Amino acid sequence: MELSLLVVAFIIATLLHFGVQKIFIYYKRFDDFNHRSSHKTLATRTGGIGIFTTVLIVSLYYYFQGIELFDYSLFIPLGIMFVIGVYDDLYNADFKLKFLLQIIVAKILIDQGYVISNYHGLFGLYEVPWLLAQVSTVFVFLVVVNAINFIDGIDGLAITEVIKIIIVIEAFSAGLTVIAPLGLLIVSSILPLYYFNFKKKGKVFLGDGGSMLLGTLVMIYVFHALSQDYIFANSLKINKTLYVLIILIYPLFDLLRVFILRLKDGKSPFVADDRHIHHLVFKKIKSSFFTTSLIFLFGILFQIILIATAVL
């Protein structure tokens with residue numbers, strides 16, 4: 001994939017993030033302040049719109065040139081999840097409706113061949129029956145997508161985690177994966193958000209449209225990493241299921257932790273609060289940038305240790 005294409009995507013995304021924000025400000029569609037907010041300034045939840053539109057523009061250009069950068073049918077699940085998220089940003093959709101639509105999207109991905117049909121020794125299982133494969137795929141999809149959404153509560157954290165996941169899966173692969181063009185395009189579209197996230201005024205947040213979109217992309221990468229088509233570089237010997245769990249360890253751990261705390265207090269696990277790890281760290285150091293940096297550094301160090309231990 002040419003570097004110039006990624007630069008073009010970066011420029012388009014930057015312009016879109018800026019332009020879409022202006023439109024939302026004009027129509028007074030701001031992100032509300034509440035006790036969970038890490039900001040006290042005007043902001044819009046339009047980052048996902050800029051990312052999705054950038055990838056769509058680039059893909060349409062190549063599509064009409066007769067060039068297939070990646071499997072364009074992936075726009076169906078990605079687009080549905082993006083629309084669900086944008087609707088939630090604007091109208092606060094009921095979580096049961098979101099769950100239902102997420103299950104439908106998971107089934108669409110299954111029908112496109114993205115399914116966990118081999119547990120690679122987890123619980124002593126390898127190839128599993130088709131019904132169990134579909135049920136477990138839907139379950140994992142719901143967990144991971146919502147885990148990515150849950151960590152999107154402080155400047156830069158969710159986009160940093162998603163970029164890390166994409167880079168790690170690509171780095172350990174024997175050559176770029178078939179979904180690398182899509183992943184790299186989205187990374188190029190994400191990068192301008194660091195500037196808009198950390199601005200003092202006029203911030204642009206990822207929003208549920210963005211977190212749902214990126215969560216679905218992460219799941220596509222997870223499905224591919226667990227498939228027989230994903231081959232480790234340099235004959236790396238590690239259980240694929242363990243490998244994926246290590247890569248996703250922070251969002252999964254944070255999700256499990258808050259679910260347990262909420263259930264322990266007799267509350268719905270889907271009602272938002274300020275007890276995520278990033279909230280606790282932010283309360284101590286009072287900086288979104290250093291909170292994100294600290295979680296990233298500790299997370300990647302822990303993952304390196306776990307991967308090295310698993311290989312040995």
# chains A, B, ... in the order shown; residues from 1 in each chain; ligands from 1
>>> residues_around(residues="A:Phe282", least_positions_apart="6", cutoff="9 Å", atoms="only C-alpha atoms", output="PDB file with N, CA and C atoms, in the first residue's frame")
ATOM      1  N   SER A  38     -14.215  14.305  31.200  1.00  0.00           N
ATOM      2  CA  SER A  38     -12.848  14.722  31.496  1.00  0.00           C
ATOM      3  C   SER A  38     -12.558  16.079  30.874  1.00  0.00           C
ATOM      4  N   ILE A 154     -11.886   9.069  27.745  1.00  0.00           N
ATOM      5  CA  ILE A 154     -10.870  10.074  28.027  1.00  0.00           C
ATOM      6  C   ILE A 154     -10.077  10.323  26.751  1.00  0.00           C
ATOM      7  N   SER A 288      -5.458  14.235  30.844  1.00  0.00           N
ATOM      8  CA  SER A 288      -5.877  13.213  29.887  1.00  0.00           C
ATOM      9  C   SER A 288      -4.681  12.645  29.135  1.00  0.00           C
ATOM     10  N   PHE A 290      -1.457  12.442  30.010  1.00  0.00           N
ATOM     11  CA  PHE A 290      -0.607  11.562  30.815  1.00  0.00           C
ATOM     12  C   PHE A 290      -1.361  10.302  31.255  1.00  0.00           C
ATOM     13  N   THR A 291      -2.670  10.400  31.416  1.00  0.00           N
ATOM     14  CA  THR A 291      -3.462   9.215  31.741  1.00  0.00           C
ATOM     15  C   THR A 291      -3.412   8.214  30.587  1.00  0.00           C
ATOM     16  N   THR A 292      -3.660   8.705  29.374  1.00  0.00           N
ATOM     17  CA  THR A 292      -3.604   7.843  28.192  1.00  0.00           C
ATOM     18  C   THR A 292      -2.205   7.268  28.001  1.00  0.00           C
TER      19      THR A 292
END
>>> residues_around(residues="A:Ser227", least_positions_apart="5", cutoff="12 Å", atoms="only C-alpha atoms", output="list in words")
Gly113, Tyr114, Val115, Ile116, Ser117, Asn118, Tyr119, His120, Tyr126, Glu127, Thr177, Ile220, Tyr221, Val222, Phe232, Lys240, Thr241 and Val244 of chain A
>>> residues_around(residues="stretch 256-271 of chain A", least_positions_apart="4", cutoff="12 Å", atoms="only C-alpha atoms", output="list in words")
Asp94, Phe95, Lys96, Lys98, Phe99, Val143, Val144, Asn146, Ala147, Asn149, Phe150, Ile151, Ile249, Tyr250, Pro251, Leu252, Arg275, His276, Ile277, His278, His279 and Leu280 of chain A
>>> write_last_selection(atoms="N, CA and C atoms", output="PDB file, in the first residue's frame")
ATOM      1  N   ASP A  94     -31.595   3.035  23.223  1.00  0.00           N
ATOM      2  CA  ASP A  94     -31.739   2.041  24.287  1.00  0.00           C
ATOM      3  C   ASP A  94     -30.713   0.932  24.080  1.00  0.00           C
ATOM      4  N   PHE A  95     -30.064   0.483  25.161  1.00  0.00           N
ATOM      5  CA  PHE A  95     -28.996  -0.499  25.017  1.00  0.00           C
ATOM      6  C   PHE A  95     -29.509  -1.835  24.471  1.00  0.00           C
ATOM      7  N   LYS A  96     -30.784  -2.160  24.719  1.00  0.00           N
ATOM      8  CA  LYS A  96     -31.342  -3.419  24.198  1.00  0.00           C
ATOM      9  C   LYS A  96     -31.448  -3.364  22.678  1.00  0.00           C
ATOM     10  N   LYS A  98     -29.493  -1.525  20.755  1.00  0.00           N
ATOM     11  CA  LYS A  98     -28.116  -1.592  20.264  1.00  0.00           C
ATOM     12  C   LYS A  98     -27.603  -3.030  20.267  1.00  0.00           C
ATOM     13  N   PHE A  99     -27.922  -3.767  21.315  1.00  0.00           N
ATOM     14  CA  PHE A  99     -27.511  -5.157  21.413  1.00  0.00           C
ATOM     15  C   PHE A  99     -28.107  -5.989  20.273  1.00  0.00           C
ATOM     16  N   VAL A 143     -18.838  -8.674  23.293  1.00  0.00           N
ATOM     17  CA  VAL A 143     -17.916  -8.333  24.376  1.00  0.00           C
ATOM     18  C   VAL A 143     -16.858  -7.339  23.904  1.00  0.00           C
ATOM     19  N   VAL A 144     -16.219  -7.643  22.789  1.00  0.00           N
ATOM     20  CA  VAL A 144     -15.096  -6.813  22.332  1.00  0.00           C
ATOM     21  C   VAL A 144     -15.568  -5.435  21.862  1.00  0.00           C
ATOM     22  N   ASN A 146     -18.191  -3.730  22.736  1.00  0.00           N
ATOM     23  CA  ASN A 146     -18.594  -2.907  23.878  1.00  0.00           C
ATOM     24  C   ASN A 146     -17.416  -2.595  24.793  1.00  0.00           C
ATOM     25  N   ALA A 147     -16.404  -3.464  24.828  1.00  0.00           N
ATOM     26  CA  ALA A 147     -15.195  -3.173  25.605  1.00  0.00           C
ATOM     27  C   ALA A 147     -14.460  -1.968  25.021  1.00  0.00           C
ATOM     28  N   ASN A 149     -15.886   0.383  23.271  1.00  0.00           N
ATOM     29  CA  ASN A 149     -16.759   1.528  23.551  1.00  0.00           C
ATOM     30  C   ASN A 149     -16.590   2.010  24.992  1.00  0.00           C
ATOM     31  N   PHE A 150     -16.415   1.077  25.923  1.00  0.00           N
ATOM     32  CA  PHE A 150     -16.297   1.423  27.336  1.00  0.00           C
ATOM     33  C   PHE A 150     -15.037   2.233  27.643  1.00  0.00           C
ATOM     34  N   ILE A 151     -13.936   1.965  26.922  1.00  0.00           N
ATOM     35  CA  ILE A 151     -12.692   2.689  27.239  1.00  0.00           C
ATOM     36  C   ILE A 151     -12.624   4.045  26.543  1.00  0.00           C
ATOM     37  N   ILE A 249      -6.152  -7.380  26.272  1.00  0.00           N
ATOM     38  CA  ILE A 249      -6.220  -7.523  27.726  1.00  0.00           C
ATOM     39  C   ILE A 249      -6.747  -6.270  28.436  1.00  0.00           C
ATOM     40  N   TYR A 250      -6.342  -5.083  28.002  1.00  0.00           N
ATOM     41  CA  TYR A 250      -6.799  -3.890  28.732  1.00  0.00           C
ATOM     42  C   TYR A 250      -8.299  -3.647  28.591  1.00  0.00           C
ATOM     43  N   PRO A 251      -8.848  -3.542  27.362  1.00  0.00           N
ATOM     44  CA  PRO A 251     -10.301  -3.305  27.279  1.00  0.00           C
ATOM     45  C   PRO A 251     -11.122  -4.434  27.895  1.00  0.00           C
ATOM     46  N   LEU A 252     -10.671  -5.691  27.762  1.00  0.00           N
ATOM     47  CA  LEU A 252     -11.420  -6.807  28.340  1.00  0.00           C
ATOM     48  C   LEU A 252     -11.376  -6.770  29.866  1.00  0.00           C
ATOM     49  N   ARG A 275     -16.155   4.651  37.147  1.00  0.00           N
ATOM     50  CA  ARG A 275     -15.277   3.737  37.854  1.00  0.00           C
ATOM     51  C   ARG A 275     -14.371   2.935  36.931  1.00  0.00           C
ATOM     52  N   HIS A 276     -14.267   3.374  35.690  1.00  0.00           N
ATOM     53  CA  HIS A 276     -13.317   2.744  34.779  1.00  0.00           C
ATOM     54  C   HIS A 276     -11.890   3.059  35.235  1.00  0.00           C
ATOM     55  N   ILE A 277     -10.951   2.266  34.778  1.00  0.00           N
ATOM     56  CA  ILE A 277      -9.549   2.467  35.156  1.00  0.00           C
ATOM     57  C   ILE A 277      -9.085   3.863  34.754  1.00  0.00           C
ATOM     58  N   HIS A 278      -9.482   4.305  33.557  1.00  0.00           N
ATOM     59  CA  HIS A 278      -9.013   5.619  33.105  1.00  0.00           C
ATOM     60  C   HIS A 278      -9.577   6.740  33.973  1.00  0.00           C
ATOM     61  N   HIS A 279     -10.775   6.566  34.504  1.00  0.00           N
ATOM     62  CA  HIS A 279     -11.332   7.579  35.411  1.00  0.00           C
ATOM     63  C   HIS A 279     -10.515   7.654  36.706  1.00  0.00           C
ATOM     64  N   LEU A 280     -10.153   6.488  37.231  1.00  0.00           N
ATOM     65  CA  LEU A 280      -9.402   6.443  38.487  1.00  0.00           C
ATOM     66  C   LEU A 280      -8.017   7.069  38.332  1.00  0.00           C
TER      67      LEU A 280
END
>>> residues_around(residues="A:Ile12", least_positions_apart="6", cutoff="9 Å", atoms="only C-alpha atoms", output="VMD selection string")
chain A and resid 50 54 57 189
>>> write_last_selection(atoms="N, CA and C atoms", output="CSV table (one decimal), in the first residue's frame")
chain,number,residue,atom,x,y,z
A,50,GLY,N,-15.8,11.6,10.6
A,50,GLY,CA,-14.7,11.9,9.8
A,50,GLY,C,-13.9,10.7,9.4
A,54,THR,N,-13.9,9.4,5.4
A,54,THR,CA,-12.6,9.4,4.7
A,54,THR,C,-12.4,8.0,4.0
A,57,ILE,N,-14.7,7.7,1.0
A,57,ILE,CA,-14.3,8.5,-0.1
A,57,ILE,C,-13.1,7.8,-0.9
A,189,SER,N,-6.8,7.9,9.2
A,189,SER,CA,-8.0,8.7,9.5
A,189,SER,C,-8.1,9.1,10.9
>>> closest_residue(among="A:Gln102, A:Gln303, A:Ser188, A:Ser293", to="A:Asp155", atoms="only C-alpha atoms")
A:Ser293
>>> residues_around(residues="A:Gly85", least_positions_apart="2", cutoff="12 Å", atoms="only C-alpha atoms", output="PyMOL selection string")
chain A and resi 45-49+52+78-83+87-95+97-99+101-102+145-146+149+206-216
>>> residues_around(residues="A:Lys199", least_positions_apart="4", cutoff="12 Å", atoms="only C-alpha atoms", output="VMD selection string")
chain A and resid 39 to 43 155 to 156 192 to 195 203 to 205 288 to 289
>>> atom_distance(atom1="atom CA of A:Ile84", atom2="atom CA of A:Val105")
10.5 Å
>>> select_by_dssp(residues="stretch 104-303 of chain A", states="helix (DSSP H, G or I)", output="ChimeraX atom specification")
/A:104-111,122-124,130-150,157-171,180-190,192-198,207-225,233-235,240-247,249-264,277-285,288-303
>>> closest_residue(among="A:Leu236, A:Ile190, A:Val140, A:Ala174", to="A:Ala158", atoms="only C-alpha atoms")
A:Ile190
>>> select_by_dssp(residues="stretch 3-249 of chain A", states="strand (DSSP E)", output="PyMOL selection string")
chain A and resi 43-44+203-204
>>> residues_around(residues="A:Tyr72", least_positions_apart="3", cutoff="10 Å", atoms="only C-alpha atoms", output="PyMOL selection string")
chain A and resi 56+59-60+63+68-69+75-76+182
>>> write_last_selection(atoms="N, CA and C atoms", output="PDB file, in the first residue's frame")
ATOM      1  N   LEU A  56     -14.600   5.865   3.198  1.00  0.00           N
ATOM      2  CA  LEU A  56     -15.593   5.704   2.134  1.00  0.00           C
ATOM      3  C   LEU A  56     -15.170   6.453   0.870  1.00  0.00           C
ATOM      4  N   SER A  59     -12.184   4.664  -0.747  1.00  0.00           N
ATOM      5  CA  SER A  59     -12.611   3.379  -1.288  1.00  0.00           C
ATOM      6  C   SER A  59     -13.443   3.547  -2.554  1.00  0.00           C
ATOM      7  N   LEU A  60     -14.333   4.551  -2.562  1.00  0.00           N
ATOM      8  CA  LEU A  60     -15.142   4.803  -3.750  1.00  0.00           C
ATOM      9  C   LEU A  60     -14.262   5.193  -4.940  1.00  0.00           C
ATOM     10  N   TYR A  63     -12.710   2.037  -6.086  1.00  0.00           N
ATOM     11  CA  TYR A  63     -13.748   1.142  -6.609  1.00  0.00           C
ATOM     12  C   TYR A  63     -14.085   1.501  -8.060  1.00  0.00           C
ATOM     13  N   GLU A  68      -9.506  -3.126  -6.146  1.00  0.00           N
ATOM     14  CA  GLU A  68     -10.041  -3.590  -4.870  1.00  0.00           C
ATOM     15  C   GLU A  68      -8.957  -3.506  -3.801  1.00  0.00           C
ATOM     16  N   LEU A  69      -9.019  -2.476  -2.974  1.00  0.00           N
ATOM     17  CA  LEU A  69      -8.042  -2.318  -1.897  1.00  0.00           C
ATOM     18  C   LEU A  69      -8.221  -3.396  -0.836  1.00  0.00           C
ATOM     19  N   PHE A  75     -17.946  -2.949   4.229  1.00  0.00           N
ATOM     20  CA  PHE A  75     -18.641  -1.691   4.509  1.00  0.00           C
ATOM     21  C   PHE A  75     -20.045  -1.932   5.059  1.00  0.00           C
ATOM     22  N   ILE A  76     -20.611  -3.112   4.794  1.00  0.00           N
ATOM     23  CA  ILE A  76     -21.962  -3.403   5.288  1.00  0.00           C
ATOM     24  C   ILE A  76     -21.964  -3.476   6.815  1.00  0.00           C
ATOM     25  N   LEU A 182      -7.440  -1.702   4.716  1.00  0.00           N
ATOM     26  CA  LEU A 182      -8.534  -1.095   5.474  1.00  0.00           C
ATOM     27  C   LEU A 182      -8.031  -0.600   6.819  1.00  0.00           C
TER      28      LEU A 182
END
>>> closest_residue(among="A:Ile300, A:Val55, A:Ile285, A:Ala310", to="A:Phe70", atoms="only C-alpha atoms")
A:Val55
